[in-house]
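Peer 1: File start.txt follows (compact mmCIF, C-alpha atoms):
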```
# COMPACT_ATOMS: atom_id res chain seq x y z
CA MET A 60 114.97 42.04 74.51
CA ASN A 61 114.63 45.63 75.54
CA THR A 62 111.95 46.42 77.99
CA LYS A 63 111.38 50.00 78.98
CA VAL A 64 110.28 50.33 82.54
CA THR A 65 108.22 53.35 83.48
CA THR A 66 107.21 53.86 87.02
CA ILE A 67 103.83 55.47 87.36
CA VAL A 68 103.25 57.32 90.54
CA VAL A 69 99.74 57.12 91.82
CA GLY A 70 98.49 59.88 94.04
CA SER A 71 95.22 60.73 95.65
CA ILE A 72 93.02 63.77 95.23
CA LEU A 73 94.09 65.85 98.14
CA GLU A 74 90.70 67.44 98.75
CA GLU A 75 89.03 64.06 99.00
CA GLY A 76 91.59 62.43 101.29
CA PRO A 77 90.97 61.65 104.96
CA THR A 78 90.83 64.61 107.31
CA LEU A 79 93.79 65.69 109.43
CA ASN A 80 93.90 66.62 113.07
CA LEU A 81 95.79 69.63 114.37
CA ALA A 82 98.98 67.70 115.10
CA GLU A 83 99.04 66.14 111.64
CA LEU A 84 98.46 69.48 109.94
CA CYS A 85 101.30 71.03 111.98
CA GLN A 86 103.60 68.19 111.07
CA HIS A 87 102.79 68.33 107.36
CA CYS A 88 103.29 72.07 107.17
CA GLN A 89 106.22 72.19 109.58
CA THR A 90 104.64 74.89 111.63
CA PRO A 91 103.70 75.26 115.28
CA ALA A 92 100.09 74.79 116.42
CA GLU A 93 99.90 78.46 117.43
CA PHE A 94 100.15 79.49 113.80
CA ILE A 95 97.40 77.08 112.73
CA ILE A 96 95.18 78.29 115.56
CA SER A 97 95.71 81.89 114.53
CA LEU A 98 94.82 80.98 110.92
CA VAL A 99 91.57 79.45 112.18
CA ASP A 100 90.92 82.56 114.29
CA GLN A 101 91.33 84.71 111.18
CA GLY A 102 89.04 82.42 109.19
CA VAL A 103 91.78 81.52 106.71
CA ILE A 104 91.17 77.83 107.30
CA ALA A 105 88.32 76.17 109.13
CA PRO A 106 88.07 72.79 110.81
CA VAL A 107 85.27 70.61 109.41
CA GLU A 108 84.36 69.35 112.83
CA GLY A 109 85.42 69.57 116.41
CA SER A 110 84.45 72.08 119.03
CA SER A 111 87.74 72.15 120.92
CA THR A 112 91.17 72.42 119.32
CA ARG A 113 91.94 68.90 120.44
CA LYS A 114 89.06 67.50 118.40
CA TRP A 115 89.66 69.63 115.31
CA GLN A 116 89.62 67.86 111.96
CA PHE A 117 90.73 69.61 108.79
CA HIS A 118 90.13 68.93 105.12
CA GLN A 119 93.43 68.29 103.38
CA SER A 120 92.91 71.45 101.35
CA ALA A 121 93.86 73.24 104.59
CA LEU A 122 97.37 71.94 103.89
CA ILE A 123 97.65 73.98 100.73
CA ARG A 124 96.17 77.08 102.33
CA THR A 125 98.47 76.85 105.32
CA ASP A 126 101.47 76.42 103.03
CA LYS A 127 100.39 79.46 101.07
CA ALA A 128 99.95 81.49 104.25
CA LEU A 129 103.41 80.47 105.42
CA ARG A 130 104.99 81.49 102.13
CA LEU A 131 103.19 84.81 102.01
CA ARG A 132 104.37 85.55 105.52
CA GLN A 133 107.95 84.51 104.86
CA ASP A 134 108.42 85.88 101.34
CA LEU A 135 106.43 89.08 101.52
CA GLY A 136 106.39 89.77 105.24
CA ILE A 137 102.59 89.93 105.39
CA ASN A 138 100.93 89.75 108.79
CA LEU A 139 97.99 87.52 109.64
CA SER A 140 95.14 89.80 108.70
CA GLY A 141 97.02 90.70 105.53
CA ILE A 142 97.36 87.01 104.71
CA ALA A 143 93.64 86.48 105.29
CA LEU A 144 92.75 89.41 103.06
CA SER A 145 95.14 88.37 100.26
CA LEU A 146 93.91 84.79 100.21
CA GLU A 147 90.29 85.91 100.12
CA LEU A 148 90.98 88.29 97.27
CA LEU A 149 92.91 85.61 95.38
CA ASP A 150 89.95 83.23 95.81
CA GLU A 151 87.64 85.93 94.55
CA ILE A 152 89.84 86.44 91.47
CA ASP A 153 89.78 82.71 90.80
CA ASN A 154 85.99 82.63 91.04
CA LEU A 155 85.60 85.63 88.76
CA LYS A 156 87.98 84.14 86.22
CA ARG A 157 86.03 80.91 86.21
CA GLU A 158 82.79 82.77 85.73
CA LEU A 159 84.29 84.92 83.00
CA ASN A 160 85.55 81.85 81.17
CA GLU A 161 82.11 80.29 81.33
CA LEU A 162 80.42 83.42 80.07
CA ARG A 163 82.97 83.75 77.29
CA HIS A 164 82.21 80.19 76.30
CA PHE A 165 78.49 80.88 76.09
CA ALA A 166 79.07 84.08 74.16
CA GLN A 167 81.18 82.28 71.58
CA LEU A 168 78.39 81.52 69.16
CA MET B 159 128.50 81.43 83.01
CA GLU B 160 125.91 84.00 82.20
CA TYR B 161 126.26 87.45 83.70
CA LYS B 162 123.23 88.57 85.68
CA ASP B 163 122.40 92.24 85.70
CA TYR B 164 120.81 92.57 89.12
CA TYR B 165 120.02 96.24 88.63
CA ASP B 166 118.18 95.50 85.43
CA ILE B 167 116.23 92.70 87.09
CA LEU B 168 114.98 95.13 89.73
CA GLY B 169 114.43 97.83 87.10
CA LEU B 170 116.92 100.18 88.74
CA LYS B 171 119.82 102.39 87.75
CA LYS B 172 123.24 101.62 89.14
CA ALA B 173 123.11 104.70 91.34
CA ALA B 174 119.98 103.51 93.14
CA SER B 175 119.89 104.11 96.89
CA GLN B 176 119.44 101.25 99.37
CA ASP B 177 115.91 102.52 99.99
CA GLU B 178 115.10 102.40 96.29
CA ILE B 179 116.45 98.86 96.11
CA LYS B 180 114.26 97.80 99.00
CA ARG B 181 111.17 99.39 97.47
CA ALA B 182 111.77 97.92 94.04
CA TYR B 183 112.31 94.50 95.56
CA ARG B 184 109.16 94.58 97.65
CA LYS B 185 107.06 95.70 94.74
CA LEU B 186 108.39 93.02 92.39
CA ALA B 187 108.27 90.31 95.05
CA ARG B 188 104.55 90.98 95.46
CA LYS B 189 104.04 91.09 91.71
CA TYR B 190 105.82 87.83 90.95
CA HIS B 191 105.06 85.83 94.08
CA PRO B 192 103.99 82.41 92.77
CA ASP B 193 100.97 82.35 95.06
CA VAL B 194 99.79 85.71 93.81
CA SER B 195 100.84 85.97 90.18
CA LYS B 196 99.05 84.12 87.43
CA GLU B 197 101.94 84.45 84.99
CA ASP B 198 103.63 81.26 83.85
CA GLU B 199 107.13 82.51 84.46
CA SER B 200 106.36 84.02 87.84
CA GLU B 201 108.31 81.49 89.86
CA THR B 202 111.52 82.03 87.86
CA LYS B 203 111.10 85.77 88.02
CA PHE B 204 110.41 85.69 91.73
CA LYS B 205 113.63 83.77 92.34
CA GLU B 206 115.60 86.14 90.11
CA VAL B 207 114.29 89.15 91.98
CA GLY B 208 115.10 87.50 95.31
CA GLU B 209 118.62 86.73 94.17
CA ALA B 210 119.17 90.29 92.94
CA TYR B 211 117.96 91.68 96.26
CA GLU B 212 120.10 89.26 98.24
CA VAL B 213 123.18 90.82 96.63
CA LEU B 214 122.16 94.46 96.34
CA LYS B 215 120.71 94.87 99.84
CA ASP B 216 124.06 94.07 101.39
CA PRO B 217 126.41 97.05 100.82
CA GLU B 218 129.48 94.83 100.89
CA LYS B 219 128.19 92.32 98.35
CA ARG B 220 126.85 95.16 96.28
CA GLU B 221 130.22 96.88 96.14
CA ALA B 222 131.92 93.66 95.09
CA TYR B 223 129.27 93.07 92.47
CA ASP B 224 129.61 96.63 91.14
CA GLN B 225 133.35 96.19 90.67
CA LEU B 226 132.66 93.03 88.79
CA GLY B 227 130.10 94.66 86.55
CA SER B 228 132.55 97.31 85.34
CA ASN B 229 134.46 94.50 83.62
CA TRP B 230 131.40 93.36 81.74
CA GLN B 231 129.83 94.72 78.61
CA GLY B 232 126.38 93.88 77.35
CA GLY B 233 126.17 91.17 74.71
CA GLN B 234 129.15 89.24 75.96
CA GLU B 235 128.53 85.54 75.75
CA GLY B 236 130.40 83.94 78.59
CA PHE B 237 131.36 85.68 81.75
CA GLN B 238 134.34 84.97 83.99
CA PRO B 239 135.00 87.04 87.06
CA PRO B 240 138.63 88.18 87.41
CA PRO B 241 140.42 85.81 89.79
CA ASP B 242 140.94 88.40 92.51
CA TRP B 243 137.58 90.12 92.23
CA ASP B 244 136.74 89.60 95.86
CA GLN B 245 140.14 90.12 97.43
CA ASN B 246 138.92 92.97 99.58
CA PHE B 247 135.85 91.14 100.74
CA ASP B 248 135.26 88.11 102.81
CA PHE B 249 132.29 86.01 101.81
CA GLY B 250 133.67 82.75 103.06
CA GLY B 251 132.77 81.25 106.37
CA GLY B 252 129.57 82.59 107.83
CA GLY B 253 126.12 81.79 106.53
CA TYR B 254 126.07 83.75 103.34
CA THR B 255 122.41 84.08 102.81
CA GLU B 256 119.12 83.69 104.54
CA GLY B 257 117.37 82.79 101.32
CA ASN B 258 117.02 79.36 99.85
CA ALA B 259 120.44 79.06 98.32
CA GLN B 260 119.56 76.19 96.04
CA ASP B 261 117.17 78.48 94.21
CA TYR B 262 119.86 80.86 93.06
CA SER B 263 121.59 80.92 89.69
CA SER B 264 125.03 79.45 89.06
CA PHE B 265 126.23 83.03 88.61
CA PHE B 266 125.29 83.79 92.21
CA GLU B 267 126.55 80.44 93.39
CA ASP B 268 129.97 81.01 91.83
CA LEU B 269 130.35 84.46 93.31
CA PHE B 270 128.83 84.19 96.74
CA GLY B 271 127.95 80.57 97.29
CA GLY B 272 129.30 77.14 96.58
CA ASP B 273 132.34 76.20 98.62
CA ARG B 274 132.28 79.60 100.22
CA ALA B 275 129.14 78.54 101.93
CA ALA B 276 130.85 76.14 104.30
CA GLY B 277 128.99 76.83 107.48
CA GLY B 278 126.03 78.13 105.53
CA ARG B 279 122.49 77.29 106.33
CA TYR B 280 122.05 73.85 104.89
CA THR B 281 125.52 72.44 105.42
CA HIS B 282 125.18 73.62 108.95
CA GLN B 283 122.01 71.66 109.44
CA SER B 284 123.26 68.39 108.11
CA GLY B 285 126.63 68.83 109.80
CA GLN B 286 125.13 69.14 113.22
CA GLY B 287 122.50 66.62 112.41
CA ARG B 288 122.93 64.41 115.44
CA GLY B 289 119.52 63.90 116.94
CA PHE B 290 118.07 66.58 114.71
CA GLN B 291 115.39 65.25 112.44
CA SER B 292 112.78 66.95 110.38
CA LYS B 293 110.42 66.21 107.55
CA GLY B 294 111.33 67.50 104.10
CA GLU B 295 109.42 70.37 102.57
CA ASN B 296 106.36 69.89 100.41
CA VAL B 297 107.04 70.61 96.76
CA ARG B 298 104.38 72.19 94.57
CA ALA B 299 103.80 71.87 90.86
CA LYS B 300 101.06 72.59 88.38
CA ILE B 301 99.74 70.59 85.46
CA MET B 302 97.34 71.31 82.65
CA ILE B 303 95.04 68.46 81.76
CA ASP B 304 92.27 67.91 79.23
CA LEU B 305 88.66 67.32 80.14
CA GLU B 306 88.99 63.77 78.82
CA ASP B 307 91.85 63.09 81.28
CA SER B 308 89.53 63.73 84.21
CA LEU B 309 86.63 61.86 82.62
CA ASN B 310 88.54 58.69 81.92
CA GLY B 311 91.60 58.92 84.12
CA ALA B 312 94.96 59.32 82.39
CA GLN B 313 98.67 59.30 82.71
CA GLN B 314 100.89 62.31 82.31
CA SER B 315 104.52 63.10 82.88
CA VAL B 316 105.44 66.12 84.92
CA LYS B 317 108.80 67.81 85.22
CA ILE B 318 109.61 68.81 88.74
CA SER B 319 112.63 70.58 90.09
CA SER B 320 113.10 69.56 93.65
CA PRO B 321 115.91 70.31 96.03
CA GLU B 322 118.21 67.48 97.01
CA ILE B 323 121.22 67.20 99.24
CA ASN B 324 124.36 66.24 97.31
CA ALA B 325 127.43 64.36 98.56
CA ASN B 326 128.92 67.55 100.01
CA GLY B 327 125.86 68.18 102.06
CA GLN B 328 124.75 71.10 99.92
CA MET B 329 121.27 71.71 98.66
CA VAL B 330 121.08 71.50 94.90
CA SER B 331 118.11 71.79 92.62
CA LYS B 332 117.51 68.65 90.65
CA GLU B 333 115.08 68.15 87.82
CA LYS B 334 113.19 64.92 87.57
CA THR B 335 110.37 63.64 85.45
CA LEU B 336 107.57 61.72 87.05
CA SER B 337 104.86 59.75 85.33
CA ILE B 338 101.74 60.35 87.32
CA LYS B 339 98.23 59.04 87.20
CA ILE B 340 95.46 61.59 86.91
CA PRO B 341 92.65 60.45 89.21
CA LYS B 342 89.26 60.14 87.56
CA GLY B 343 86.90 62.98 88.31
CA ILE B 344 89.48 65.49 89.50
CA LYS B 345 88.30 69.06 89.11
CA GLU B 346 89.98 72.38 88.49
CA GLY B 347 91.93 73.70 91.47
CA GLN B 348 92.18 70.35 93.23
CA SER B 349 95.58 68.89 93.92
CA ILE B 350 97.04 65.46 93.45
CA ARG B 351 99.02 64.49 96.48
CA LEU B 352 101.99 62.19 96.03
CA SER B 353 103.30 61.06 99.38
CA LYS B 354 107.02 61.36 100.00
CA GLN B 355 107.86 62.65 96.50
CA GLY B 356 108.83 66.10 97.78
CA SER B 357 112.09 67.32 99.32
CA PRO B 358 114.12 64.79 101.26
CA GLY B 359 113.98 65.05 105.04
CA HIS B 360 116.86 66.26 107.21
CA GLY B 361 118.76 63.93 109.45
CA GLY B 362 116.87 60.84 108.32
CA GLY B 363 113.46 62.52 108.51
CA GLU B 364 110.64 61.62 106.15
CA ALA B 365 110.51 63.18 102.68
CA GLY B 366 107.90 65.86 102.07
CA ASP B 367 104.95 65.48 99.72
CA LEU B 368 104.56 66.54 96.14
CA LEU B 369 101.39 68.54 95.60
CA ILE B 370 100.31 68.97 92.00
CA GLU B 371 97.59 71.48 91.33
CA VAL B 372 95.36 70.70 88.39
CA ALA B 373 94.05 73.15 85.81
CA PHE B 374 92.12 72.36 82.64
CA ASN B 375 93.02 73.27 79.08
CA THR B 376 90.15 75.04 77.37
CA HIS B 377 88.02 72.59 75.45
CA PRO B 378 86.73 73.48 71.97
CA LEU B 379 83.21 72.25 72.80
CA TYR B 380 82.65 71.92 76.50
CA SER B 381 83.07 74.32 79.37
CA ILE B 382 83.71 73.08 82.87
CA ASN B 383 82.57 74.57 86.15
CA GLU B 384 83.52 72.59 89.24
CA LYS B 385 82.12 69.14 88.40
CA ASP B 386 79.55 70.30 85.88
CA ILE B 387 80.12 70.31 82.14
CA SER B 388 78.17 72.53 79.74
CA LEU B 389 77.71 72.50 76.00
CA ASN B 390 76.27 75.19 73.76
CA VAL B 391 73.76 73.63 71.41
CA PRO B 392 72.45 75.71 68.50
CA VAL B 393 68.77 75.26 67.67
CA ALA B 394 66.55 76.66 64.94
CA PRO B 395 63.83 79.13 66.06
CA TRP B 396 61.06 76.65 65.21
CA GLU B 397 62.80 73.86 67.16
CA ALA B 398 62.81 76.11 70.19
CA THR B 399 59.22 77.25 69.71
CA LEU B 400 57.54 74.01 68.74
CA GLY B 401 59.73 71.67 70.73
CA SER B 402 61.79 68.91 69.14
CA THR B 403 64.15 66.05 69.73
CA ILE B 404 67.79 66.77 68.90
CA GLN B 405 70.98 64.75 69.00
CA VAL B 406 73.81 66.11 71.14
CA PRO B 407 77.35 64.81 71.77
CA THR B 408 78.07 63.95 75.40
CA PRO B 409 81.50 64.39 77.04
CA ASP B 410 82.06 60.61 77.12
CA GLY B 411 82.14 60.59 73.31
CA LYS B 412 78.64 59.19 72.82
CA LYS B 413 75.47 60.75 71.48
CA VAL B 414 72.21 61.25 73.24
CA ASP B 415 68.71 62.21 72.10
CA MET B 416 67.47 65.25 73.97
CA LYS B 417 63.97 66.56 74.12
CA VAL B 418 63.73 70.30 73.68
CA PRO B 419 60.48 71.38 75.34
CA ALA B 420 58.17 73.71 73.42
CA ASP B 421 58.63 77.45 74.10
CA SER B 422 62.31 77.14 75.08
CA GLN B 423 63.86 80.59 75.25
CA GLN B 424 67.41 81.43 74.24
CA GLY B 425 69.89 80.23 76.90
CA ARG B 426 67.58 77.61 78.41
CA LYS B 427 69.56 74.96 80.27
CA LEU B 428 68.64 71.31 79.99
CA ARG B 429 70.24 68.96 82.48
CA LEU B 430 71.49 65.41 82.17
CA LYS B 431 72.02 64.32 85.74
CA GLY B 432 75.29 62.64 86.67
CA LYS B 433 76.83 63.02 83.22
CA GLY B 434 79.44 65.55 84.33
CA LEU B 435 82.80 64.74 85.89
CA PRO B 436 82.65 61.33 87.58
CA GLY B 437 83.18 60.64 91.28
CA LYS B 438 81.15 60.12 94.38
CA ASP B 439 79.44 63.48 93.81
CA ALA B 440 79.33 63.22 90.05
CA GLY B 441 78.65 66.46 88.21
CA ASP B 442 75.84 67.14 85.76
CA PHE B 443 75.91 67.76 82.04
CA TYR B 444 74.12 70.90 80.87
CA VAL B 445 72.93 71.59 77.37
CA VAL B 446 72.51 75.31 76.81
CA LEU B 447 70.20 76.18 73.95
CA GLN B 448 71.39 78.85 71.56
CA VAL B 449 68.72 79.97 69.13
CA MET B 450 70.28 80.57 65.70
CA LEU B 451 68.53 82.62 63.06
CA PRO B 452 68.55 81.52 59.44
CA PRO B 453 69.92 84.23 57.10
CA SER B 454 67.48 86.63 55.46
CA SER B 455 69.41 86.34 52.19
CA ASP B 456 67.34 83.21 51.69
CA PRO B 457 64.15 84.50 49.99
CA LYS B 458 62.05 81.87 51.75
CA VAL B 459 63.29 83.02 55.16
CA LYS B 460 62.56 86.58 54.21
CA GLU B 461 59.07 85.71 53.08
CA TYR B 462 58.13 83.78 56.23
CA ASN B 463 59.56 86.41 58.55
CA GLU B 464 57.69 89.19 56.77
CA LYS B 465 54.57 87.11 57.12
CA MET B 466 55.18 86.65 60.85
CA ARG B 467 55.82 90.35 61.30
CA ASP B 468 52.57 91.25 59.58
CA GLU B 469 50.33 88.59 61.05
CA ILE B 470 51.55 87.79 64.56
CA ASP B 471 50.83 90.04 67.48
CA PHE B 472 54.01 89.83 69.55
CA ASN B 473 55.82 92.64 71.35
CA PRO B 474 58.93 91.37 73.19
CA ARG B 475 59.49 94.81 74.77
CA SER B 476 56.03 95.29 76.21
CA TYR B 477 57.43 95.80 79.72
CA PHE B 478 59.50 98.85 78.72
CA PHE B 479 56.77 101.43 78.29
```
For this file, produce the structure as structure tokens.
Peer 2:
Amino acid sequence: MNTKVTTIVVGSILEEGPTLNLAELCQHCQTPAEFIISLVDQGVIAPVEGSSTRKWQFHQSALIRTDKALRLRQDLGINLSGIALSLELLDEIDNLKRELNELRHFAQL
Amino acid sequence: MEYKDYYDILGLKKAASQDEIKRAYRKLARKYHPDVSKEDESETKFKEVGEAYEVLKDPEKREAYDQLGSNWQGGQEGFQPPPDWDQNFDFGGGGYTEGNAQDYSSFFEDLFGGDRAAGGRYTHQSGQGRGFQSKGENVRAKIMIDLEDSLNGAQQSVKISSPEINANGQMVSKEKTLSIKIPKGIKEGQSIRLSKQGSPGHGGGEAGDLLIEVAFNTHPLYSINEKDISLNVPVAPWEATLGSTIQVPTPDGKKVDMKVPADSQQGRKLRLKGKGLPGKDAGDFYVVLQVMLPPSSDPKVKEYNEKMRDEIDFNPRSYFF
């Protein structure tokens, strides 16, 4: 008898996962805390709670944003304020595209 | 192997100056950066551009490459460098590149990489690995799913190329196919995180994660915004004016009777709470009324409309003047 075995990998929705503290975020992104702190200072990522850095908790989406920031810095040599500006503009483009798609859908008839 | 025309990739002539090469590279790197570009092929193009720059920015590598190119004519199928092409240059030994070598083509690898890279970045790391441990990198991928996949949960296979360390301690890019489960209620732009499915760690460190960003295919009927789903529903003018009960299809494949209130204007949104994408904050389902006019070629339609024009006092543009 031939049985085909397929392994199905089950993941979690990153944005809905448990929050991360500063150390965990650093570890996941392989970057020093100074860089994360400077991203928070620039408003690129924001902790959901915590008044002092030691109590900071981040949504897991901060992982993706930090990764993006790291790549932009490494690949394109963009400095921090440049990174902040690019990410904001990219978000804006995403929002506009979504809105445009919705309007296009309504205009279809 | 396939010959790579690095000048062509950067859109340059062979006589380009080092400054021109740098400018062309920077411009294209910004254009094709996978985090910036929305093009499908951006990642491949970005790597190609990086590889071209890696060779052309270094005068020594560039000279060697130029000599090589003079032996090649466009349209040639296979390409073999002459055996002594690099006799005047020394690419062996030292770290040959600062880039991610595993991303480069076999053409590059054969000329500047491979065994010549002994002492290069990655071999160096694993060679001196005593006591040195680090987590592998996170790998990113993207998948397109259908609305139904998020509504009901689904399974989909994804092809991922992830770097691995081979027996010689070199980084190689390996393609693998994973069958993954799409979590119910996932919305556009969210990512599925698969722990430890990314790049392997160094020196016994933990593997990185695989992060798969989700985007939706356009649906013929429904449009999706965050967790809300909308549907255009055509109604006749009298249905909108007098009010009526109409049957509409819901995203879960069922039908529902909806009450259209009297005096509903074009574009009015009717909401079915909690019938959008599922989850702890389930989205809503919106029915958007689209008033459709019957054609005036029908004599009856013509007659009634003429009657309305003559007998009803209605000026929709009263606020203009």
Peer 1: Restrict the distance test to only C-alpha atoms, flag each residue of chain A within 6 Å of chain B, and return the flagged residues as number ranges by chain.
Peer 2: A: 67-73
Peer 1: Could you pull the residues within 8 Å of segment 108-124 of chain A, counting all atoms listed in the file, minus those fewer than 5 positions along the same chain, as a short mmCIF file (atom, residue, chain, number, x, y, z; two decimals) with C-alpha atoms, in the frame of the given file?
Peer 2:
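What follows is the written file part-v7.cif:
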```cif
data_model
loop_
_atom_site.label_atom_id
_atom_site.label_comp_id
_atom_site.auth_asym_id
_atom_site.auth_seq_id
_atom_site.Cartn_x
_atom_site.Cartn_y
_atom_site.Cartn_z
CA LEU A 73 94.09 65.85 98.14
CA GLU A 74 90.70 67.44 98.75
CA GLU A 75 89.03 64.06 99.00
CA GLY A 76 91.59 62.43 101.29
CA PRO A 77 90.97 61.65 104.96
CA THR A 78 90.83 64.61 107.31
CA LEU A 79 93.79 65.69 109.43
CA ASN A 80 93.90 66.62 113.07
CA LEU A 81 95.79 69.63 114.37
CA LEU A 84 98.46 69.48 109.94
CA HIS A 87 102.79 68.33 107.36
CA CYS A 88 103.29 72.07 107.17
CA VAL A 103 91.78 81.52 106.71
#
```
Peer 1: One number please: atom CA of Glu83 of chain A to atom CA of Pro106 of chain A, in Å, one decimal.
Peer 2: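 A separation of 12.9 Å between them.
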Peer 1: Mind giving me the straight-line distance from atom CA of Ala299 of chain B to atom CA of Ala312 of chain B in Å, one decimal?
Peer 2: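 Pair atom CA of Ala299 of chain B / atom CA of Ala312 of chain B returns 17.5 Å.
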Peer 1: From the set A:Glu151, A:Lys127, A:Leu139, A:Leu162, which residue has the shortest atom-to-atom contact distance to Gly102 of chain A, counting only C-alpha atoms?
Peer 2: A:Leu139
Peer 1: Taking (99.2, 80.0, 113.2) in the file's own coordinates, collect the residues within 10 Å, counting all atoms listed in the file, and hand them back as a PyMOL selection string.
Peer 2: chain A and resi 85+90-101+103+125+128-129+139
Peer 1: Quick one: 6 Å padding each side, axis-aligned, all listed atoms of segment 187-205 of chain B - centre and edge lengths in Å to one decimal, as lines of an AutoDock Vina configuration file?
Peer 2:
```
center_x = 106.3
center_y = 86.2
center_z = 89.7
size_x = 26.6
size_y = 21.8
size_z = 23.6
```
Peer 1: How many Å separate atom CA of Asp386 of chain B from atom CA of Phe443 of chain B?
Peer 2: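 Between these atoms lies a distance of 5.9 Å.
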Peer 1: Choose the residue, out of B:Val445, B:Val213, B:Val406, B:Ala222, that has the smallest atom-to-atom separation from Tyr262 of chain B; count all atoms listed in the file.
Peer 2: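 With all atoms listed in the file as the atom set, the closest residue is B:Val213.
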